[in-house]
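The file input36.cif comes next; it holds mmCIF, C-alpha atoms.
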data_protein
#
loop_
_atom_site.label_atom_id
_atom_site.label_comp_id
_atom_site.auth_asym_id
_atom_site.auth_seq_id
_atom_site.Cartn_x
_atom_site.Cartn_y
_atom_site.Cartn_z
CA SER A 1 110.72 110.77 106.22
CA GLN A 2 111.30 108.32 109.04
CA GLN A 3 108.51 105.81 109.60
CA GLY A 4 109.62 105.17 113.16
CA GLU A 5 110.72 107.86 115.57
CA GLU A 6 112.11 107.05 118.99
CA ASP A 7 111.69 109.15 122.08
CA PRO A 8 113.69 110.22 123.98
CA GLN A 9 116.81 110.59 121.85
CA ALA A 10 118.96 109.97 124.92
CA LEU A 11 118.30 108.54 128.36
CA SER A 12 120.59 108.25 131.39
CA ILE A 13 119.59 106.18 134.41
CA GLN A 14 121.14 104.42 137.38
CA GLU A 15 121.71 100.68 137.51
CA GLY A 16 118.63 98.93 138.87
CA GLU A 17 116.17 101.50 137.53
CA ASN A 18 113.73 100.82 134.72
CA ALA A 19 114.24 102.34 131.27
CA THR A 20 111.36 103.15 128.95
CA MET A 21 111.76 104.07 125.31
CA ASN A 22 108.98 105.00 122.95
CA CYS A 23 108.50 104.67 119.23
CA SER A 24 105.89 106.33 117.04
CA TYR A 25 105.16 105.50 113.43
CA LYS A 26 102.97 106.87 110.69
CA THR A 27 101.41 104.15 108.54
CA SER A 28 99.78 100.78 109.04
CA ILE A 29 102.23 98.04 109.99
CA ASN A 30 102.45 94.26 109.92
CA ASN A 31 104.88 94.14 112.85
CA LEU A 32 107.28 96.27 114.85
CA GLN A 33 110.71 95.16 115.97
CA TRP A 34 113.22 96.43 118.50
CA TYR A 35 116.98 96.19 118.05
CA ARG A 36 119.98 97.01 120.22
CA GLN A 37 123.31 98.34 119.00
CA ASN A 38 126.42 98.47 121.12
CA SER A 39 128.83 101.25 120.20
CA GLY A 40 130.45 100.70 116.81
CA ARG A 41 128.83 97.30 116.30
CA GLY A 42 126.00 95.78 114.29
CA LEU A 43 122.41 95.62 115.47
CA VAL A 44 121.01 92.73 117.48
CA HIS A 45 117.35 91.77 117.25
CA LEU A 46 115.55 91.90 120.60
CA ILE A 47 111.87 91.31 120.04
CA LEU A 48 109.17 91.33 117.36
CA ILE A 49 105.55 92.24 118.08
CA ARG A 50 102.85 91.70 115.47
CA SER A 51 100.07 94.17 114.76
CA ASN A 52 97.47 91.92 116.39
CA GLU A 53 99.47 91.68 119.63
CA ARG A 54 99.37 94.24 122.42
CA GLU A 55 102.17 93.14 124.71
CA LYS A 56 105.14 90.84 124.60
CA HIS A 57 107.80 89.85 127.10
CA SER A 58 111.31 88.50 126.76
CA GLY A 59 113.35 88.24 129.96
CA ARG A 60 113.70 91.78 131.35
CA LEU A 61 112.16 93.29 128.21
CA ARG A 62 108.54 94.24 127.86
CA VAL A 63 107.18 95.66 124.62
CA THR A 64 103.75 97.14 124.12
CA LEU A 65 102.04 98.10 120.89
CA ASP A 66 99.09 100.46 120.47
CA THR A 67 98.05 100.43 116.84
CA SER A 68 95.32 103.03 117.42
CA LYS A 69 97.97 105.51 118.56
CA LYS A 70 100.61 104.12 116.20
CA SER A 71 103.09 103.78 119.02
CA SER A 72 105.16 101.20 120.85
CA SER A 73 107.22 101.21 124.01
CA LEU A 74 110.19 99.16 125.16
CA LEU A 75 110.65 98.73 128.89
CA ILE A 76 113.88 97.33 130.30
CA THR A 77 113.44 96.42 133.94
CA ALA A 78 116.20 96.37 136.56
CA SER A 79 118.71 97.82 134.13
CA ARG A 80 122.37 96.88 134.18
CA ALA A 81 125.48 98.70 132.99
CA ALA A 82 125.64 96.15 130.15
CA ASP A 83 122.32 97.49 128.83
CA THR A 84 124.13 100.67 127.79
CA ALA A 85 123.54 100.83 124.03
CA SER A 86 121.40 102.46 121.35
CA TYR A 87 117.94 101.03 120.84
CA PHE A 88 116.08 101.20 117.55
CA CYS A 89 112.54 100.43 116.56
CA ALA A 90 111.88 99.14 113.06
CA THR A 91 108.55 98.79 111.31
CA ALA A 92 107.43 96.33 108.67
CA LEU A 93 104.71 97.96 106.61
CA ASP A 94 101.45 96.26 105.84
CA THR A 95 101.95 96.90 102.14
CA GLY A 96 104.18 93.87 101.79
CA ARG A 97 107.30 95.94 101.26
CA ARG A 98 110.07 93.56 102.10
CA ALA A 99 112.38 95.85 104.01
CA LEU A 100 112.15 97.31 107.50
CA THR A 101 112.18 101.03 108.18
CA PHE A 102 114.32 102.05 111.14
CA GLY A 103 114.03 105.04 113.43
CA SER A 104 116.99 107.12 114.55
CA GLY A 105 117.31 105.42 117.93
CA THR A 106 117.47 106.12 121.66
CA ARG A 107 120.89 106.18 123.33
CA LEU A 108 120.62 104.58 126.74
CA GLN A 109 123.34 105.11 129.34
CA VAL A 110 123.11 103.02 132.50
CA GLN A 111 125.34 104.36 135.25
CA PRO A 112 126.84 101.70 137.57
CA ASP B 1 123.84 80.86 115.55
CA VAL B 2 123.39 83.00 112.48
CA LYS B 3 126.58 84.58 111.37
CA VAL B 4 126.83 87.56 109.06
CA THR B 5 130.34 88.68 108.25
CA GLN B 6 131.59 91.75 106.46
CA SER B 7 134.88 91.91 104.62
CA SER B 8 136.39 94.83 106.53
CA ARG B 9 135.74 96.62 109.83
CA TYR B 10 137.52 99.78 108.72
CA LEU B 11 138.27 101.02 105.22
CA VAL B 12 139.90 104.21 103.95
CA LYS B 13 139.58 105.10 100.27
CA ARG B 14 140.22 108.11 98.07
CA THR B 15 137.65 110.09 96.12
CA GLY B 16 136.94 108.50 92.77
CA GLU B 17 138.03 104.99 93.74
CA LYS B 18 135.80 102.01 93.12
CA VAL B 19 134.97 100.38 96.43
CA PHE B 20 133.66 96.88 97.10
CA LEU B 21 132.05 95.93 100.39
CA GLU B 22 131.29 92.26 100.80
CA CYS B 23 128.86 90.48 103.07
CA VAL B 24 128.50 86.75 103.67
CA GLN B 25 125.81 84.93 105.66
CA ASP B 26 125.87 81.29 106.65
CA MET B 27 122.17 80.57 107.29
CA ASP B 28 120.84 80.13 103.77
CA HIS B 29 118.73 83.30 104.10
CA GLU B 30 116.84 84.44 101.02
CA ASN B 31 116.99 88.14 101.85
CA MET B 32 120.03 90.34 102.24
CA PHE B 33 120.24 94.08 102.86
CA TRP B 34 122.68 96.94 102.79
CA TYR B 35 122.16 99.95 105.06
CA ARG B 36 124.18 103.01 105.85
CA GLN B 37 124.11 104.56 109.28
CA ASP B 38 124.84 108.21 109.95
CA PRO B 39 124.53 110.13 113.24
CA GLY B 40 121.01 111.43 113.77
CA LEU B 41 119.66 109.70 110.67
CA GLY B 42 119.38 106.13 111.88
CA LEU B 43 119.68 103.32 109.36
CA ARG B 44 118.78 104.01 105.76
CA LEU B 45 118.26 101.21 103.29
CA ILE B 46 120.46 101.34 100.19
CA TYR B 47 119.54 98.10 98.38
CA PHE B 48 118.20 94.70 99.18
CA SER B 49 118.08 91.36 97.45
CA TYR B 50 115.39 88.72 97.86
CA ASP B 51 117.00 86.04 95.72
CA VAL B 52 120.12 85.34 93.71
CA LYS B 53 120.52 87.94 90.94
CA MET B 54 117.41 89.77 92.22
CA LYS B 55 117.68 93.22 93.74
CA GLU B 56 115.49 96.11 94.67
CA LYS B 57 116.36 99.74 95.35
CA GLY B 58 116.00 101.04 98.84
CA ASP B 59 115.59 104.62 99.95
CA ILE B 60 119.04 105.94 98.97
CA PRO B 61 120.43 103.89 96.04
CA GLU B 62 122.13 106.77 94.21
CA GLY B 63 125.87 106.26 93.83
CA TYR B 64 125.67 102.57 94.75
CA SER B 65 125.15 99.27 92.98
CA VAL B 66 124.93 95.71 94.25
CA SER B 67 125.67 92.20 93.14
CA ARG B 68 124.31 88.87 94.32
CA GLU B 69 125.72 86.00 92.30
CA LYS B 70 125.51 83.45 95.12
CA LYS B 71 122.87 83.12 97.80
CA GLU B 72 125.26 83.62 100.69
CA ARG B 73 127.07 86.67 99.34
CA PHE B 74 125.85 90.22 98.74
CA SER B 75 128.24 92.91 97.56
CA LEU B 76 127.84 96.67 97.71
CA ILE B 77 129.75 98.67 95.12
CA LEU B 78 130.57 102.33 95.20
CA GLU B 79 131.33 103.03 91.55
CA SER B 80 133.20 106.27 92.24
CA ALA B 81 133.55 107.00 95.93
CA SER B 82 132.77 110.49 97.17
CA THR B 83 133.32 112.12 100.55
CA ASN B 84 129.58 112.13 101.28
CA GLN B 85 129.70 108.33 101.22
CA THR B 86 131.81 108.32 104.37
CA SER B 87 129.63 106.33 106.73
CA MET B 88 129.06 103.11 108.64
CA TYR B 89 127.77 100.38 106.31
CA LEU B 90 125.74 97.54 107.76
CA CYS B 91 124.78 94.32 106.04
CA ALA B 92 121.87 92.18 107.22
CA SER B 93 120.05 89.03 106.23
CA SER B 94 116.69 87.47 107.01
CA PHE B 95 114.54 84.47 106.22
CA PHE B 96 111.95 84.28 103.47
CA ARG B 97 109.13 86.85 103.80
CA ALA B 98 111.46 89.70 104.65
CA GLY B 99 109.84 92.18 106.96
CA ARG B 100 108.00 89.36 108.69
CA SER B 101 111.04 88.12 110.59
CA ALA B 102 114.11 89.37 112.38
CA GLN B 103 117.11 90.70 110.53
CA TYR B 104 120.59 89.54 111.47
CA PHE B 105 123.32 92.11 111.15
CA GLY B 106 127.03 91.99 110.47
CA PRO B 107 129.48 94.01 112.59
CA GLY B 108 129.59 96.90 110.12
CA THR B 109 132.25 98.52 107.94
CA ARG B 110 133.27 102.05 108.78
CA LEU B 111 134.24 103.62 105.45
CA THR B 112 136.15 106.87 105.22
CA VAL B 113 136.48 108.54 101.82
CA LEU B 114 139.23 111.15 101.66
#
Could you quickly redo this structure as structure tokens?
Amino acid sequence: SQQGEEDPQALSIQEGENATMNCSYKTSINNLQWYRQNSGRGLVHLILIRSNEREKHSGRLRVTLDTSKKSSSLLITASRAADTASYFCATALDTGRRALTFGSGTRLQVQP
Amino acid sequence: DVKVTQSSRYLVKRTGEKVFLECVQDMDHENMFWYRQDPGLGLRLIYFSYDVKMKEKGDIPEGYSVSREKKERFSLILESASTNQTSMYLCASSFFRAGRSAQYFGPGTRLTVL
């Protein structure tokens, strides 16, 4: 079963609005990462938040992590048409397993 | 910038053929990964390698094998391609202590098995 599950599956907003995507996971993690994928392309790493961190910023991105609720959110502020993409969360388990476990993603459409 | 390249963007093969997908990274990363991506299922890990000649099964290794003879190159092999292996295949690499750092992805190979 998927360790990370994103919500919503799809999101459509107007340019300039904020976009919020959520990720829930099931087991204890070392860190959680967010990736972006433009249509038909590879994934691009956006941000990594460690289990002892609660919030992290990078440009227009803000990520929060609540380990008690096993959830994370990605906020994109002042969205642009170029932000149109799929966004995935990926968890690194605390067990030392080397690989990440990806969720099924949120498709974000930003209307110009 | 890290660069991960994959041998083909699009590939069409016939059932039963042996298929090789190659991935090369130029950042001296210890770890390399192969995923497949299918609609609604996200990315699923097939195999990964944490050193030359070392490999570990992922979540869906059946029907696949891998080879890592050189640090920069990681190959995915479909011994006898089947139609249910039609998918997007993504290669990635990361620094030592995989899972503790970002993964860098190639552009993907869209494989169609007829």
Expand the PyMOL selection byres ((chain B) within 10 of (chain A)) into the individual residues it matches in the shown file, reporting them as a ChimeraX atom specification.
/B:4,9,31-33,37-45,47-50,56,58-59,88-92,94,96-110
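The interatomic distance for the pair atom CA of A:Thr20 and atom CA of A:Gln111 works out to 15.4 Å.
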If the PyMOL selection byres ((chain B and resi 69) around 7) were run on this exact file, what residues would it hold? Put them as a ChimeraX atom specification.
/B:52-53,67-68,70-71
Written as an MDAnalysis selection string, what is the full residue list that the PyMOL selection byres ((chain A and resi 71) around 12) yields on the file shown?
chainID A and resid 3:7 21:29 31:33 49 51 54 63:70 72:74 89:91
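When atom CA of A:Tyr87 is paired with atom CA of B:Asn84, their separation reads 25.3 Å.
Minimum atom-to-atom distances from B:Glu62, B:Glu22, B:Glu17, B:Glu72 to B:Ser93 were compared using only C-alpha atoms, and the lowest value belongs to B:Glu72.
Proximity to stretch 81-84 of chain A at 12 Å, evaluated using all atoms listed in the file and with sequence-adjacent residues fewer than 6 positions away removed, yields A:Ala10, A:Leu11, A:Ser12, A:Ile13, A:Gln14, A:Glu15, A:Gly16, A:Glu17, A:Asn18, A:Ala19, A:Arg36, A:Gln37, A:Asn38, A:Ser39, A:Arg60, A:Leu61, A:Leu75, A:Thr106, A:Arg107, A:Leu108, A:Gln109, A:Val110, A:Gln111, A:Pro112.
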Computed interatomic separation between atom CA of B:Ser75 and atom CA of B:Phe20 (Å)
6.7 Å
Shell of 7 Å around B:Arg73, only C-alpha atoms, local chain residues under 5 positions omitted, as an MDAnalysis selection string:
chainID B and resid 23:25 68
Using only C-alpha atoms, can you tell me which of B:Tyr64, B:Thr5, B:Leu114, B:Tyr10 comes closest to B:Ser82?
B:Leu114
What lies within 12 Å of B:Arg14 using only C-alpha atoms, ignoring chain neighbours under 3 positions off, as a PyMOL selection string?
chain B and resi 11+17-19+78+80-86+111-114
Serialized stretch 54-84 of chain B w/ N, CA, C and O atoms as a PDB file, in the first residue's frame:
ATOM      1  N   MET B  54      26.143  -3.823  -6.553  1.00  0.00           N
ATOM      2  CA  MET B  54      25.210  -4.074  -5.452  1.00  0.00           C
ATOM      3  C   MET B  54      23.810  -3.652  -5.890  1.00  0.00           C
ATOM      4  O   MET B  54      23.637  -2.610  -6.531  1.00  0.00           O
ATOM      5  N   LYS B  55      22.831  -4.456  -5.531  1.00  0.00           N
ATOM      6  CA  LYS B  55      21.457  -4.132  -5.897  1.00  0.00           C
ATOM      7  C   LYS B  55      20.517  -4.635  -4.818  1.00  0.00           C
ATOM      8  O   LYS B  55      20.852  -5.535  -4.051  1.00  0.00           O
ATOM      9  N   GLU B  56      19.351  -4.043  -4.810  1.00  0.00           N
ATOM     10  CA  GLU B  56      18.345  -4.464  -3.850  1.00  0.00           C
ATOM     11  C   GLU B  56      16.977  -4.374  -4.523  1.00  0.00           C
ATOM     12  O   GLU B  56      16.706  -3.418  -5.261  1.00  0.00           O
ATOM     13  N   LYS B  57      16.137  -5.360  -4.278  1.00  0.00           N
ATOM     14  CA  LYS B  57      14.807  -5.362  -4.878  1.00  0.00           C
ATOM     15  C   LYS B  57      13.959  -4.259  -4.276  1.00  0.00           C
ATOM     16  O   LYS B  57      14.035  -3.977  -3.077  1.00  0.00           O
ATOM     17  N   GLY B  58      13.132  -3.676  -5.137  1.00  0.00           N
ATOM     18  CA  GLY B  58      12.157  -2.721  -4.672  1.00  0.00           C
ATOM     19  C   GLY B  58      10.822  -3.399  -4.426  1.00  0.00           C
ATOM     20  O   GLY B  58      10.758  -4.561  -4.033  1.00  0.00           O
ATOM     21  N   ASP B  59       9.764  -2.684  -4.721  1.00  0.00           N
ATOM     22  CA  ASP B  59       8.423  -3.200  -4.438  1.00  0.00           C
ATOM     23  C   ASP B  59       7.867  -4.099  -5.544  1.00  0.00           C
ATOM     24  O   ASP B  59       7.016  -4.944  -5.283  1.00  0.00           O
ATOM     25  N   ILE B  60       8.345  -3.907  -6.774  1.00  0.00           N
ATOM     26  CA  ILE B  60       7.796  -4.681  -7.908  1.00  0.00           C
ATOM     27  C   ILE B  60       8.919  -5.198  -8.816  1.00  0.00           C
ATOM     28  O   ILE B  60       8.987  -4.868  -9.988  1.00  0.00           O
ATOM     29  N   PRO B  61       9.800  -6.063  -8.322  1.00  0.00           N
ATOM     30  CA  PRO B  61      10.937  -6.505  -9.128  1.00  0.00           C
ATOM     31  C   PRO B  61      10.626  -7.614 -10.148  1.00  0.00           C
ATOM     32  O   PRO B  61      11.440  -7.886 -11.027  1.00  0.00           O
ATOM     33  N   GLU B  62       9.457  -8.221 -10.037  1.00  0.00           N
ATOM     34  CA  GLU B  62       9.161  -9.384 -10.884  1.00  0.00           C
ATOM     35  C   GLU B  62       9.167  -9.001 -12.363  1.00  0.00           C
ATOM     36  O   GLU B  62       8.530  -8.034 -12.766  1.00  0.00           O
ATOM     37  N   GLY B  63       9.885  -9.799 -13.143  1.00  0.00           N
ATOM     38  CA  GLY B  63       9.957  -9.560 -14.581  1.00  0.00           C
ATOM     39  C   GLY B  63      11.075  -8.622 -14.987  1.00  0.00           C
ATOM     40  O   GLY B  63      11.264  -8.359 -16.177  1.00  0.00           O
ATOM     41  N   TYR B  64      11.829  -8.132 -13.993  1.00  0.00           N
ATOM     42  CA  TYR B  64      12.922  -7.187 -14.268  1.00  0.00           C
ATOM     43  C   TYR B  64      14.213  -7.690 -13.636  1.00  0.00           C
ATOM     44  O   TYR B  64      14.204  -8.412 -12.654  1.00  0.00           O
ATOM     45  N   SER B  65      15.326  -7.258 -14.211  1.00  0.00           N
ATOM     46  CA  SER B  65      16.628  -7.422 -13.573  1.00  0.00           C
ATOM     47  C   SER B  65      17.414  -6.146 -13.819  1.00  0.00           C
ATOM     48  O   SER B  65      17.005  -5.296 -14.615  1.00  0.00           O
ATOM     49  N   VAL B  66      18.527  -5.983 -13.111  1.00  0.00           N
ATOM     50  CA  VAL B  66      19.329  -4.777 -13.253  1.00  0.00           C
ATOM     51  C   VAL B  66      20.809  -5.131 -13.297  1.00  0.00           C
ATOM     52  O   VAL B  66      21.219  -6.232 -12.919  1.00  0.00           O
ATOM     53  N   SER B  67      21.571  -4.166 -13.756  1.00  0.00           N
ATOM     54  CA  SER B  67      23.016  -4.338 -13.823  1.00  0.00           C
ATOM     55  C   SER B  67      23.681  -3.009 -13.512  1.00  0.00           C
ATOM     56  O   SER B  67      23.284  -1.970 -14.050  1.00  0.00           O
ATOM     57  N   ARG B  68      24.689  -3.067 -12.647  1.00  0.00           N
ATOM     58  CA  ARG B  68      25.481  -1.864 -12.374  1.00  0.00           C
ATOM     59  C   ARG B  68      26.954  -2.267 -12.325  1.00  0.00           C
ATOM     60  O   ARG B  68      27.485  -2.613 -11.284  1.00  0.00           O
ATOM     61  N   GLU B  69      27.581  -2.162 -13.467  1.00  0.00           N
ATOM     62  CA  GLU B  69      28.990  -2.523 -13.610  1.00  0.00           C
ATOM     63  C   GLU B  69      29.898  -1.330 -13.366  1.00  0.00           C
ATOM     64  O   GLU B  69      31.058  -1.476 -12.974  1.00  0.00           O
ATOM     65  N   LYS B  70      29.377  -0.131 -13.624  1.00  0.00           N
ATOM     66  CA  LYS B  70      30.128   1.104 -13.383  1.00  0.00           C
ATOM     67  C   LYS B  70      29.268   2.036 -12.535  1.00  0.00           C
ATOM     68  O   LYS B  70      28.041   1.991 -12.609  1.00  0.00           O
ATOM     69  N   LYS B  71      29.918   2.869 -11.767  1.00  0.00           N
ATOM     70  CA  LYS B  71      29.193   3.709 -10.813  1.00  0.00           C
ATOM     71  C   LYS B  71      28.198   4.625 -11.504  1.00  0.00           C
ATOM     72  O   LYS B  71      27.123   4.892 -10.972  1.00  0.00           O
ATOM     73  N   GLU B  72      28.514   5.112 -12.669  1.00  0.00           N
ATOM     74  CA  GLU B  72      27.659   6.099 -13.305  1.00  0.00           C
ATOM     75  C   GLU B  72      26.511   5.496 -14.123  1.00  0.00           C
ATOM     76  O   GLU B  72      25.642   6.204 -14.583  1.00  0.00           O
ATOM     77  N   ARG B  73      26.485   4.198 -14.277  1.00  0.00           N
ATOM     78  CA  ARG B  73      25.530   3.588 -15.197  1.00  0.00           C
ATOM     79  C   ARG B  73      24.712   2.499 -14.511  1.00  0.00           C
ATOM     80  O   ARG B  73      25.259   1.625 -13.833  1.00  0.00           O
ATOM     81  N   PHE B  74      23.397   2.552 -14.711  1.00  0.00           N
ATOM     82  CA  PHE B  74      22.496   1.580 -14.097  1.00  0.00           C
ATOM     83  C   PHE B  74      21.503   1.140 -15.167  1.00  0.00           C
ATOM     84  O   PHE B  74      20.765   1.978 -15.709  1.00  0.00           O
ATOM     85  N   SER B  75      21.495  -0.135 -15.466  1.00  0.00           N
ATOM     86  CA  SER B  75      20.655  -0.646 -16.545  1.00  0.00           C
ATOM     87  C   SER B  75      19.494  -1.454 -15.993  1.00  0.00           C
ATOM     88  O   SER B  75      19.655  -2.221 -15.039  1.00  0.00           O
ATOM     89  N   LEU B  76      18.352  -1.276 -16.613  1.00  0.00           N
ATOM     90  CA  LEU B  76      17.154  -2.065 -16.295  1.00  0.00           C
ATOM     91  C   LEU B  76      16.897  -3.003 -17.465  1.00  0.00           C
ATOM     92  O   LEU B  76      16.904  -2.565 -18.619  1.00  0.00           O
ATOM     93  N   ILE B  77      16.680  -4.260 -17.162  1.00  0.00           N
ATOM     94  CA  ILE B  77      16.510  -5.275 -18.202  1.00  0.00           C
ATOM     95  C   ILE B  77      15.166  -5.952 -18.039  1.00  0.00           C
ATOM     96  O   ILE B  77      14.821  -6.404 -16.931  1.00  0.00           O
ATOM     97  N   LEU B  78      14.421  -5.963 -19.114  1.00  0.00           N
ATOM     98  CA  LEU B  78      13.185  -6.734 -19.166  1.00  0.00           C
ATOM     99  C   LEU B  78      13.534  -8.003 -19.938  1.00  0.00           C
ATOM    100  O   LEU B  78      13.776  -7.961 -21.145  1.00  0.00           O
ATOM    101  N   GLU B  79      13.608  -9.122 -19.240  1.00  0.00           N
ATOM    102  CA  GLU B  79      14.102 -10.356 -19.850  1.00  0.00           C
ATOM    103  C   GLU B  79      13.216 -10.822 -21.005  1.00  0.00           C
ATOM    104  O   GLU B  79      13.705 -11.275 -22.024  1.00  0.00           O
ATOM    105  N   SER B  80      11.920 -10.691 -20.827  1.00  0.00           N
ATOM    106  CA  SER B  80      10.963 -11.090 -21.863  1.00  0.00           C
ATOM    107  C   SER B  80       9.757 -10.162 -21.724  1.00  0.00           C
ATOM    108  O   SER B  80       8.883 -10.394 -20.897  1.00  0.00           O
ATOM    109  N   ALA B  81       9.772  -9.103 -22.530  1.00  0.00           N
ATOM    110  CA  ALA B  81       8.788  -8.047 -22.347  1.00  0.00           C
ATOM    111  C   ALA B  81       7.353  -8.565 -22.496  1.00  0.00           C
ATOM    112  O   ALA B  81       7.059  -9.402 -23.355  1.00  0.00           O
ATOM    113  N   SER B  82       6.482  -8.026 -21.656  1.00  0.00           N
ATOM    114  CA  SER B  82       5.063  -8.361 -21.742  1.00  0.00           C
ATOM    115  C   SER B  82       4.259  -7.065 -21.796  1.00  0.00           C
ATOM    116  O   SER B  82       4.748  -5.990 -21.421  1.00  0.00           O
ATOM    117  N   THR B  83       3.019  -7.178 -22.266  1.00  0.00           N
ATOM    118  CA  THR B  83       2.205  -5.970 -22.458  1.00  0.00           C
ATOM    119  C   THR B  83       1.968  -5.232 -21.144  1.00  0.00           C
ATOM    120  O   THR B  83       1.807  -4.011 -21.141  1.00  0.00           O
ATOM    121  N   ASN B  84       1.938  -5.958 -20.016  1.00  0.00           N
ATOM    122  CA  ASN B  84       1.716  -5.270 -18.737  1.00  0.00           C
ATOM    123  C   ASN B  84       2.948  -4.517 -18.238  1.00  0.00           C
ATOM    124  O   ASN B  84       2.910  -3.912 -17.156  1.00  0.00           O
TER     125      ASN B  84
END
